[in-house]
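Below is data-v7.cif, holding mmCIF, C-alpha atoms and all ligand atoms.
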```
data_coords
loop_
_atom_site.label_atom_id
_atom_site.label_comp_id
_atom_site.auth_asym_id
_atom_site.auth_seq_id
_atom_site.Cartn_x
_atom_site.Cartn_y
_atom_site.Cartn_z
CA MET A 40 9.38 -6.56 28.27
CA SER A 41 12.70 -5.38 26.86
CA THR A 42 12.70 -1.97 25.21
CA LEU A 43 12.11 -1.95 21.48
CA PRO A 44 15.10 -0.95 19.32
CA SER A 45 15.04 2.60 17.88
CA SER A 46 14.79 1.04 14.40
CA PHE A 47 11.40 -0.46 15.35
CA PRO A 48 8.74 0.98 13.01
CA PRO A 49 6.45 3.51 14.72
CA PHE A 50 3.00 2.29 15.70
CA PRO A 51 0.03 3.87 13.97
CA GLU A 52 -1.96 6.14 16.30
CA ILE A 53 -5.67 5.97 17.04
CA SER A 54 -7.09 9.33 16.08
CA PRO A 55 -10.22 10.79 17.65
CA GLY A 56 -13.21 9.46 15.75
CA GLU A 57 -11.61 6.11 14.91
CA VAL A 58 -12.61 2.61 16.06
CA TRP A 59 -10.05 -0.17 16.31
CA LEU A 60 -11.23 -3.76 16.61
CA VAL A 61 -8.49 -5.31 18.69
CA GLY A 62 -7.90 -9.02 19.22
CA ALA A 63 -7.16 -9.76 22.88
CA GLY A 64 -5.82 -13.26 22.21
CA PRO A 65 -6.77 -16.29 24.33
CA GLY A 66 -6.34 -14.71 27.76
CA ASP A 67 -2.80 -14.38 29.06
CA PRO A 68 -1.71 -10.77 28.42
CA SER A 69 1.67 -11.97 27.20
CA HIS A 70 -0.12 -13.28 24.11
CA LEU A 71 -1.26 -9.79 23.08
CA THR A 72 0.34 -8.36 19.96
CA LEU A 73 2.49 -5.25 20.35
CA LEU A 74 -0.06 -3.25 18.37
CA ALA A 75 -2.87 -4.44 20.64
CA LEU A 76 -0.87 -3.35 23.69
CA HIS A 77 -0.22 0.04 22.09
CA ALA A 78 -3.90 0.47 21.22
CA LEU A 79 -5.00 -0.32 24.79
CA GLN A 80 -2.64 2.32 26.12
CA ARG A 81 -3.83 5.00 23.68
CA ALA A 82 -7.58 4.46 23.61
CA ASN A 83 -9.84 6.61 25.74
CA TYR A 84 -12.90 4.33 25.38
CA VAL A 85 -12.83 0.55 25.46
CA LEU A 86 -15.80 -1.75 24.88
CA TYR A 87 -14.94 -5.35 25.76
CA ASP A 88 -16.42 -8.83 25.52
CA ALA A 89 -17.02 -11.50 28.16
CA LEU A 90 -14.00 -13.63 27.27
CA VAL A 91 -11.48 -10.82 27.60
CA ASP A 92 -9.19 -11.66 30.51
CA ALA A 93 -9.30 -9.25 33.47
CA ARG A 94 -5.49 -9.03 33.41
CA ILE A 95 -5.73 -7.42 29.99
CA LEU A 96 -8.14 -4.78 31.23
CA ASP A 97 -5.47 -3.79 33.77
CA ILE A 98 -3.26 -2.69 30.88
CA VAL A 99 -5.80 -0.19 29.54
CA ASN A 100 -4.85 3.48 29.78
CA ARG A 101 -5.91 4.61 33.28
CA GLY A 102 -7.92 7.57 32.03
CA ALA A 103 -10.02 5.48 29.65
CA ILE A 104 -13.64 4.53 30.13
CA VAL A 105 -13.92 0.74 30.03
CA ARG A 106 -17.35 -0.75 29.34
CA PHE A 107 -18.48 -4.39 29.33
CA VAL A 108 -20.74 -5.29 26.41
CA GLY A 109 -20.65 -9.09 26.56
CA LYS A 110 -22.80 -11.92 27.82
CA ARG A 111 -22.36 -12.88 31.47
CA GLY A 112 -23.81 -15.68 33.61
CA GLY A 113 -26.62 -16.54 31.20
CA LYS A 114 -27.99 -12.99 31.37
CA PRO A 115 -29.16 -11.59 28.04
CA SER A 116 -26.30 -10.19 26.01
CA GLN A 117 -26.32 -6.74 24.48
CA ARG A 118 -27.83 -6.89 21.05
CA GLN A 119 -25.24 -6.73 18.28
CA GLN A 120 -27.11 -3.83 16.77
CA ASP A 121 -26.80 -1.86 20.04
CA ILE A 122 -23.06 -2.51 20.20
CA ASN A 123 -22.70 -1.33 16.60
CA SER A 124 -24.68 1.83 17.41
CA SER A 125 -22.54 2.53 20.50
CA LEU A 126 -19.34 2.21 18.47
CA ILE A 127 -20.66 4.65 15.88
CA ALA A 128 -21.90 7.14 18.49
CA LEU A 129 -18.61 7.05 20.44
CA ALA A 130 -16.57 7.60 17.30
CA ARG A 131 -18.83 10.49 16.25
CA ALA A 132 -18.35 12.02 19.70
CA GLY A 133 -14.60 12.12 18.97
CA HIS A 134 -13.42 9.25 21.17
CA ARG A 135 -10.46 7.02 20.39
CA VAL A 136 -12.37 3.76 20.58
CA VAL A 137 -11.06 0.25 21.06
CA ARG A 138 -13.50 -2.60 20.59
CA LEU A 139 -11.69 -5.38 22.45
CA LYS A 140 -12.63 -8.90 21.42
CA GLY A 141 -11.37 -12.29 22.60
CA GLY A 142 -8.93 -14.12 20.33
CA ASP A 143 -9.01 -12.68 16.83
CA PRO A 144 -11.81 -10.22 16.00
CA PHE A 145 -12.58 -11.96 12.72
CA VAL A 146 -12.74 -15.57 13.97
CA PHE A 147 -16.23 -16.52 15.19
CA GLY A 148 -16.48 -13.13 16.86
CA ARG A 149 -18.99 -11.11 14.79
CA GLY A 150 -16.21 -8.66 13.99
CA ALA A 151 -17.28 -8.55 10.37
CA GLU A 152 -20.72 -7.30 11.37
CA GLU A 153 -19.20 -4.48 13.42
CA VAL A 154 -16.88 -3.48 10.61
CA ALA A 155 -19.77 -3.50 8.13
CA ALA A 156 -21.77 -1.16 10.39
CA LEU A 157 -18.78 1.18 10.83
CA SER A 158 -18.15 1.27 7.07
CA GLU A 159 -21.75 2.06 6.36
CA ALA A 160 -21.64 4.90 8.89
CA GLY A 161 -18.41 6.26 7.37
CA ILE A 162 -16.36 5.64 10.53
CA PRO A 163 -12.66 4.92 9.94
CA TYR A 164 -11.61 1.65 11.53
CA ARG A 165 -8.68 -0.74 11.82
CA VAL A 166 -8.62 -4.45 12.66
CA VAL A 167 -5.76 -5.55 14.93
CA PRO A 168 -5.43 -9.33 14.63
CA GLY A 169 -5.15 -11.44 17.76
CA ILE A 170 -4.06 -15.00 18.43
CA THR A 171 -7.18 -17.04 18.00
CA SER A 172 -8.02 -19.29 20.95
CA GLY A 173 -8.34 -22.45 18.86
CA LEU A 174 -4.76 -22.34 17.65
CA ALA A 175 -3.45 -21.07 20.99
CA ALA A 176 -5.23 -23.87 22.86
CA ALA A 177 -3.70 -26.49 20.57
CA SER A 178 -0.17 -25.08 20.87
CA LEU A 179 -0.38 -24.59 24.63
CA ALA A 180 -1.62 -28.16 25.05
CA GLY A 181 1.35 -29.40 23.03
CA ILE A 182 -0.72 -30.33 19.97
CA PRO A 183 0.73 -29.17 16.64
CA ALA A 184 -2.00 -27.87 14.33
CA THR A 185 -0.19 -29.38 11.35
CA THR A 186 2.66 -31.78 10.72
CA ARG A 187 3.93 -33.00 7.38
CA ASP A 188 3.05 -36.56 8.34
CA THR A 189 -0.48 -36.13 9.62
CA ASN A 190 -2.43 -33.41 7.81
CA HIS A 191 -2.35 -30.90 4.97
CA ALA A 192 -5.16 -28.75 6.36
CA ILE A 193 -6.63 -27.76 9.67
CA ILE A 194 -10.30 -26.87 10.00
CA LEU A 195 -11.53 -24.23 12.43
CA ALA A 196 -15.21 -24.90 13.05
CA THR A 197 -17.98 -23.66 15.28
CA GLY A 198 -20.03 -26.07 17.37
CA HIS A 199 -22.76 -23.46 17.72
CA LEU A 200 -24.85 -23.09 14.62
CA ALA A 201 -26.21 -19.68 13.70
CA VAL A 202 -28.64 -21.46 11.38
CA ASP A 203 -30.02 -24.63 12.96
CA ASP A 204 -30.17 -26.75 9.83
CA TRP A 205 -29.22 -30.21 11.07
CA SER A 206 -30.32 -31.76 7.80
CA LEU A 207 -27.12 -30.53 6.16
CA ASP A 208 -25.13 -32.88 8.41
CA HIS A 209 -22.14 -30.66 7.80
CA TRP A 210 -20.27 -31.95 10.87
CA ALA A 211 -20.20 -35.39 9.26
CA ALA A 212 -19.00 -33.65 6.10
CA LEU A 213 -16.12 -32.10 8.07
CA ALA A 214 -15.19 -35.56 9.34
CA ARG A 215 -15.15 -36.91 5.79
CA THR A 216 -12.36 -34.49 4.83
CA GLY A 217 -10.04 -36.62 6.99
CA GLN A 218 -8.45 -33.42 8.33
CA PRO A 219 -8.28 -32.51 12.02
CA VAL A 220 -10.90 -30.11 13.29
CA ILE A 221 -10.55 -27.46 15.99
CA PHE A 222 -13.98 -26.66 17.38
CA TYR A 223 -15.01 -23.46 19.14
CA MET A 224 -18.21 -23.33 21.24
CA ALA A 225 -18.66 -27.10 21.01
CA ILE A 226 -19.35 -28.21 24.58
CA ALA A 227 -23.14 -27.89 24.47
CA ASN A 228 -23.44 -29.83 21.20
CA LEU A 229 -20.67 -32.35 21.89
CA PRO A 230 -22.99 -35.41 21.79
CA GLU A 231 -24.28 -34.38 18.35
CA ILE A 232 -20.83 -33.47 17.06
CA THR A 233 -19.13 -36.71 18.14
CA ALA A 234 -22.01 -38.78 16.76
CA ALA A 235 -21.78 -36.91 13.45
CA PHE A 236 -18.03 -37.54 13.27
CA GLU A 237 -18.62 -41.27 13.66
CA ARG A 238 -21.30 -41.08 10.95
CA GLY A 239 -18.72 -39.28 8.83
CA GLY A 240 -16.44 -42.30 9.04
CA LEU A 241 -14.06 -41.58 11.93
CA SER A 242 -13.38 -44.51 14.19
CA SER A 243 -14.67 -44.31 17.73
CA ASP A 244 -11.11 -44.31 19.12
CA THR A 245 -10.04 -41.19 17.17
CA PRO A 246 -8.08 -39.01 19.60
CA VAL A 247 -9.83 -35.95 21.01
CA ALA A 248 -8.54 -33.22 23.31
CA ILE A 249 -10.56 -30.65 25.18
CA VAL A 250 -8.74 -27.53 26.32
CA GLN A 251 -10.57 -25.40 28.86
CA SER A 252 -9.60 -21.74 29.44
CA ALA A 253 -6.35 -21.92 27.50
CA SER A 254 -3.59 -19.61 28.73
CA THR A 255 -5.39 -18.74 31.97
CA PRO A 256 -4.90 -20.10 35.50
CA ALA A 257 -8.02 -22.25 34.91
CA GLU A 258 -6.46 -24.01 31.91
CA ARG A 259 -7.08 -27.76 31.80
CA VAL A 260 -6.52 -30.34 29.10
CA VAL A 261 -8.46 -33.58 28.86
CA GLU A 262 -7.38 -36.23 26.38
CA THR A 263 -10.00 -38.73 25.31
CA THR A 264 -11.49 -40.40 22.24
CA LEU A 265 -14.44 -39.72 20.01
CA ASN A 266 -16.75 -42.11 21.84
CA GLY A 267 -15.40 -41.16 25.26
CA ALA A 268 -15.49 -37.37 24.85
CA VAL A 269 -18.95 -36.65 26.25
CA GLU A 270 -18.32 -38.67 29.42
CA ALA A 271 -14.81 -37.25 29.78
CA VAL A 272 -16.14 -33.68 29.69
CA LYS A 273 -18.78 -34.52 32.28
CA GLY A 274 -16.36 -36.47 34.47
CA ALA A 275 -13.75 -33.74 34.47
CA GLY A 276 -16.32 -30.99 34.97
CA ILE A 277 -15.08 -29.07 31.92
CA GLU A 278 -16.78 -25.70 31.49
CA PRO A 279 -16.77 -23.26 28.59
CA PRO A 280 -14.75 -21.55 27.28
CA ALA A 281 -13.22 -24.63 25.78
CA ILE A 282 -11.76 -25.83 22.53
CA VAL A 283 -12.34 -29.36 21.24
CA ILE A 284 -9.70 -30.83 18.95
CA ILE A 285 -10.49 -33.96 16.96
CA GLY A 286 -7.96 -35.92 14.94
CA LYS A 287 -4.60 -37.68 14.81
CA ILE A 288 -2.66 -34.54 15.75
CA VAL A 289 -3.95 -34.98 19.32
CA ALA A 290 -2.00 -38.23 19.69
CA LEU A 291 1.27 -36.34 19.12
CA ARG A 292 0.77 -34.50 22.39
CA SER A 293 2.29 -37.12 24.64
CA SER A 294 5.46 -37.48 22.60
CA LEU A 295 6.01 -33.73 22.13
CA ARG A 296 5.10 -32.73 25.66
CA SER A 297 7.90 -34.46 27.55
CA LEU A 298 10.40 -31.58 27.49
CA ALA A 299 8.00 -28.66 27.19
CA LEU A 300 8.47 -25.91 29.75
CA ALA A 301 5.58 -25.26 32.09
CA ASP A 302 3.93 -21.96 31.28
CA VAL A 303 4.57 -19.18 33.71
CA ARG A 304 1.38 -17.39 34.65
C1 LIG B 401 -17.53 -16.33 20.30
S1 LIG B 401 -16.14 -17.39 20.18
C2 LIG B 401 -14.89 -16.18 20.00
C3 LIG B 401 -13.62 -16.71 19.41
C4 LIG B 401 -12.52 -15.69 19.37
N1 LIG B 401 -12.83 -14.63 18.44
C5 LIG B 401 -11.18 -16.30 19.01
O1 LIG B 401 -10.63 -16.01 17.96
O2 LIG B 401 -10.67 -17.06 19.84
C6 LIG B 401 -15.96 -17.92 21.85
C7 LIG B 401 -15.36 -19.32 21.94
O3 LIG B 401 -13.95 -19.26 21.77
C8 LIG B 401 -13.35 -20.28 22.54
N2 LIG B 401 -12.42 -19.67 23.51
C9 LIG B 401 -12.17 -18.37 23.70
N3 LIG B 401 -11.20 -18.18 24.61
C10 LIG B 401 -10.81 -19.42 24.99
C11 LIG B 401 -9.83 -19.91 25.87
N4 LIG B 401 -9.01 -19.10 26.56
N5 LIG B 401 -9.69 -21.25 26.02
C12 LIG B 401 -10.48 -22.10 25.33
N6 LIG B 401 -11.43 -21.69 24.46
C13 LIG B 401 -11.58 -20.37 24.29
C14 LIG B 401 -14.46 -21.05 23.23
O4 LIG B 401 -14.82 -22.13 22.40
C15 LIG B 401 -15.54 -19.99 23.28
O5 LIG B 401 -16.82 -20.57 23.41
#
```
Mind turning the file's structure into structure tokens?
Ligand SMILES: C[S@@+](CC[C@H](N)C(=O)[O-])C[C@H]1O[C@@H](n2cnc3c(N)ncnc32)[C@H](O)[C@@H]1O
Amino acid sequence: MSTLPSSFPPFPEISPGEVWLVGAGPGDPSHLTLLALHALQRANYVLYDALVDARILDIVNRGAIVRFVGKRGGKPSQRQQDINSSLIALARAGHRVVRLKGGDPFVFGRGAEEVAALSEAGIPYRVVPGITSGLAAASLAGIPATTRDTNHAIILATGHLAVDDWSLDHWAALARTGQPVIFYMAIANLPEITAAFERGGLSSDTPVAIVQSASTPAERVVETTLNGAVEAVKGAGIEPPAIVIIGKIVALRSSLRSLALADVR
């Protein structure tokens, strides 16, 4: 990275007793923000999630304690309440704490719950935004999230319901907006989601893209249609983490991709 000019505004510092929720972006360390990079080099305690790329952990200040608090290989994850308590205890012990979360801390990442617990405990905190994987996956696959001709909104949705109330049929409601949808955590419920989108009025040949492990060496993009998506995922052996993009914007990929540079990883 080239050196920053002397006019570059100074970074804020993590003081002992503070917790920073830092977005790690989709994976590739080059997608970290400058403030995230700074925080990782100044923290002395880092608690990280399962989807944080190992290459990012290599950037952490060598003297720091780095602790995994995510879900791995189907084993039970740490309870959110326990993570909140650890953050509070570490801050009270005078550590400079980074809570490192995949993508952006406030997009489908339970960051709000952690911040609420810190506030209640009187712990000073900062949120460092990260590039959310849904938008990164679309851009890296050559799919523009918006164009003037295709859509005036883009919906970020979860395919994993915290409240299992299927009666609301809210996925069909998303389809009825006519706007493209970028789904997180949608692989397990893909049959239900695609069926709901057809119920919501989308034609079975609506373009769909699935982007696995965006910005990592395991990145793969599968282009399919609404009624072909479930088979395409199975056939290609797509595994989470993956983003599912539904809508006309997916069809722009082929035309925009022709001169795109291959990513260097
Ligand atoms: C609990 S959510 C966290 C989202 C995160 N806070 C964000 O802003 O990207 C986890 C889901 O994000 C998506 N995800 C995260 N990293 C990804 C990546 N590199 N490629 C594709 N999907 C990813 C997957 O859908 C995964 O199941």
Against ligand LIG 401 (chain B), which residues of chain A fall within 9 Å? For each one I want the closest pair of atoms and the distance in Å (one decimal), counting all atoms listed in the file, rows by chain and increasing residue number, as a tab-separated table.
```
residue	atom	partner	partner_atom	distance
A:Gly62	CA	B:LIG401	N1	7.5
A:Ala63	CA	B:LIG401	C5	8.6
A:Gly64	CA	B:LIG401	O2	6.6
A:Pro65	CA	B:LIG401	N4	4.2
A:Gly66	CA	B:LIG401	N4	5.3
A:Asp67	CA	B:LIG401	N4	8.2
A:Leu90	CA	B:LIG401	N3	6.0
A:Val91	CA	B:LIG401	N3	7.9
A:Asp92	CA	B:LIG401	N4	8.4
A:Lys140	CA	B:LIG401	N1	6.5
A:Gly141	CA	B:LIG401	C4	4.8
A:Gly142	CA	B:LIG401	C5	3.4
A:Asp143	CA	B:LIG401	O1	3.9
A:Pro144	CA	B:LIG401	N1	5.1
A:Phe145	CA	B:LIG401	N1	6.3
A:Val146	CA	B:LIG401	O1	4.5
A:Phe147	CA	B:LIG401	C3	5.0
A:Gly148	CA	B:LIG401	N1	4.3
A:Arg149	CA	B:LIG401	C1	7.7
A:Gly150	CA	B:LIG401	N1	8.2
A:Gly169	CA	B:LIG401	O1	7.1
A:Ile170	CA	B:LIG401	O1	6.7
A:Thr171	CA	B:LIG401	O1	3.6
A:Ser172	CA	B:LIG401	O2	3.6
A:Gly173	CA	B:LIG401	O2	6.0
A:Leu174	CA	B:LIG401	O2	8.2
A:Ala175	CA	B:LIG401	N5	8.0
A:Ala176	CA	B:LIG401	N5	6.1
A:Thr197	CA	B:LIG401	O4	7.9
A:Gly198	CA	B:LIG401	O4	8.2
A:His199	CA	B:LIG401	O5	8.7
A:Phe222	CA	B:LIG401	O4	6.8
A:Tyr223	CA	B:LIG401	O4	3.5
A:Met224	CA	B:LIG401	O5	3.8
A:Ala225	CA	B:LIG401	O4	6.4
A:Ile226	CA	B:LIG401	O4	7.9
A:Ile249	CA	B:LIG401	C12	8.6
A:Val250	CA	B:LIG401	C12	5.8
A:Gln251	CA	B:LIG401	C12	4.8
A:Ser252	CA	B:LIG401	N5	3.5
A:Ala253	CA	B:LIG401	N5	3.7
A:Ser254	CA	B:LIG401	N4	5.9
A:Thr255	CA	B:LIG401	N4	6.5
A:Ala257	CA	B:LIG401	N4	9.0
A:Glu258	CA	B:LIG401	N5	7.3
A:Pro279	CA	B:LIG401	O5	5.8
A:Pro280	CA	B:LIG401	C14	4.1
A:Ala281	CA	B:LIG401	N6	3.7
A:Ile282	CA	B:LIG401	N6	4.6
A:Val283	CA	B:LIG401	O4	7.7
```
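Atom to atom, atom CA of Asn266 of chain A and atom CA of Ser243 of chain A stand 5.1 Å apart.
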Test item: residues at most 9 Å from His134 of chain A, all atoms listed in the file, excluding those fewer than 4 positions along its chain, as a PyMOL selection string: chain A and resi 54-58+82-84+129-130
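Distances here use only C-alpha atoms; by that measure, the residue among A:Gly102, A:Val137, A:Pro44, A:Glu52 closest to Tyr87 of chain A is A:Val137.
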Tell me, as a list in words, which residues lie within 9 Å of Ala78 of chain A, counting only C-alpha atoms; anything in the same chain fewer than 3 positions away does not count. Pro51, Glu52, Ile53, Trp59, Val61, Leu73, Leu74, Ala75, Arg81, Ala82, Val99, Val137 and Val167 of chain A
For the residues in the current selection, export C-alpha atoms as a PDB file, in the frame of the given file.
```pdb
ATOM      1  CA  PRO A  51       0.030   3.870  13.970  1.00  0.00           C
ATOM      2  CA  GLU A  52      -1.960   6.140  16.300  1.00  0.00           C
ATOM      3  CA  ILE A  53      -5.670   5.970  17.040  1.00  0.00           C
ATOM      4  CA  TRP A  59     -10.050  -0.170  16.310  1.00  0.00           C
ATOM      5  CA  VAL A  61      -8.490  -5.310  18.690  1.00  0.00           C
ATOM      6  CA  LEU A  73       2.490  -5.250  20.350  1.00  0.00           C
ATOM      7  CA  LEU A  74      -0.060  -3.250  18.370  1.00  0.00           C
ATOM      8  CA  ALA A  75      -2.870  -4.440  20.640  1.00  0.00           C
ATOM      9  CA  ARG A  81      -3.830   5.000  23.680  1.00  0.00           C
ATOM     10  CA  ALA A  82      -7.580   4.460  23.610  1.00  0.00           C
ATOM     11  CA  VAL A  99      -5.800  -0.190  29.540  1.00  0.00           C
ATOM     12  CA  VAL A 137     -11.060   0.250  21.060  1.00  0.00           C
ATOM     13  CA  VAL A 167      -5.760  -5.550  14.930  1.00  0.00           C
TER      14      VAL A 167
END
```
Skipping near chain neighbours, those fewer than 4 positions away, what residues fall within 8 Å of Ala268 of chain A using all atoms listed in the file, listed as an mmCIF file with C-alpha atoms, keeping the file's coordinate frame?
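This went into selection.cif:
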```cif
data_model
loop_
_atom_site.group_PDB
_atom_site.id
_atom_site.type_symbol
_atom_site.label_atom_id
_atom_site.label_comp_id
_atom_site.auth_asym_id
_atom_site.auth_seq_id
_atom_site.Cartn_x
_atom_site.Cartn_y
_atom_site.Cartn_z
ATOM 1 C CA LEU A 229 -20.670 -32.350 21.890
ATOM 2 C CA THR A 233 -19.130 -36.710 18.140
ATOM 3 C CA VAL A 247 -9.830 -35.950 21.010
ATOM 4 C CA THR A 263 -10.000 -38.730 25.310
ATOM 5 C CA THR A 264 -11.490 -40.400 22.240
ATOM 6 C CA VAL A 272 -16.140 -33.680 29.690
#
```
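Counting from atom CA of Ile193 of chain A, the distance to atom CA of Glu278 of chain A is 24.2 Å.
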Just want the 9 Å neighbourhood of Arg296 of chain A, counted on all atoms listed in the file, with same-chain residues fewer than 6 positions away dropped. Output as a tab-separated table (two decimals) with C-alpha atoms, keeping the file's coordinate frame.
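Full text of part.tsv as output:
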```
chain	number	residue	atom	x	y	z
A	180	ALA	CA	-1.62	-28.16	25.05
A	181	GLY	CA	1.35	-29.40	23.03
A	182	ILE	CA	-0.72	-30.33	19.97
```
Using atom CA of Ala89 of chain A and atom CA of Ile277 of chain A as the two end points, give the distance in Å to one decimal. 18.1 Å
Give me, as a PDB file with C-alpha atoms, in the coordinates of the input, all polymer residues having an atom no more than 12 Å from His209 of chain A, counting all atoms listed in the file and skipping those fewer than 6 positions away in the same chain.
```pdb
ATOM      1  CA  ALA A 196     -15.210 -24.900  13.050  1.00  0.00           C
ATOM      2  CA  THR A 197     -17.980 -23.660  15.280  1.00  0.00           C
ATOM      3  CA  GLY A 198     -20.030 -26.070  17.370  1.00  0.00           C
ATOM      4  CA  LEU A 200     -24.850 -23.090  14.620  1.00  0.00           C
ATOM      5  CA  VAL A 202     -28.640 -21.460  11.380  1.00  0.00           C
ATOM      6  CA  ASP A 203     -30.020 -24.630  12.960  1.00  0.00           C
ATOM      7  CA  ARG A 215     -15.150 -36.910   5.790  1.00  0.00           C
ATOM      8  CA  THR A 216     -12.360 -34.490   4.830  1.00  0.00           C
ATOM      9  CA  GLU A 231     -24.280 -34.380  18.350  1.00  0.00           C
ATOM     10  CA  ILE A 232     -20.830 -33.470  17.060  1.00  0.00           C
ATOM     11  CA  ALA A 235     -21.780 -36.910  13.450  1.00  0.00           C
ATOM     12  CA  PHE A 236     -18.030 -37.540  13.270  1.00  0.00           C
ATOM     13  CA  ARG A 238     -21.300 -41.080  10.950  1.00  0.00           C
ATOM     14  CA  GLY A 239     -18.720 -39.280   8.830  1.00  0.00           C
TER      15      GLY A 239
END
```
Which residue gives the smallest distance to Ala234 of chain A among A:Glu262, A:Asp208, A:Glu152, A:Asp88, with only C-alpha atoms counted? A:Asp208
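Here the question is which of A:Pro256, A:Ala192, A:Leu126, A:Gln117 gets nearest to Leu213 of chain A using only C-alpha atoms, and that residue is A:Ala192.
Taking all atoms listed in the file into account, Ala177 of chain A lies nearest to A:Val220 out of the set A:Val220, A:Ala214, A:Ser69, A:Pro48.
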Box along x, y and z, 3 Å on every side, all listed atoms of segment 70-77 of chain A inside: centre and edge lengths in Å to one decimal, as JSON.
```
{"center_x": -0.2, "center_y": -6.6, "center_z": 21.2, "size_x": 11.4, "size_y": 19.3, "size_z": 11.7}
```
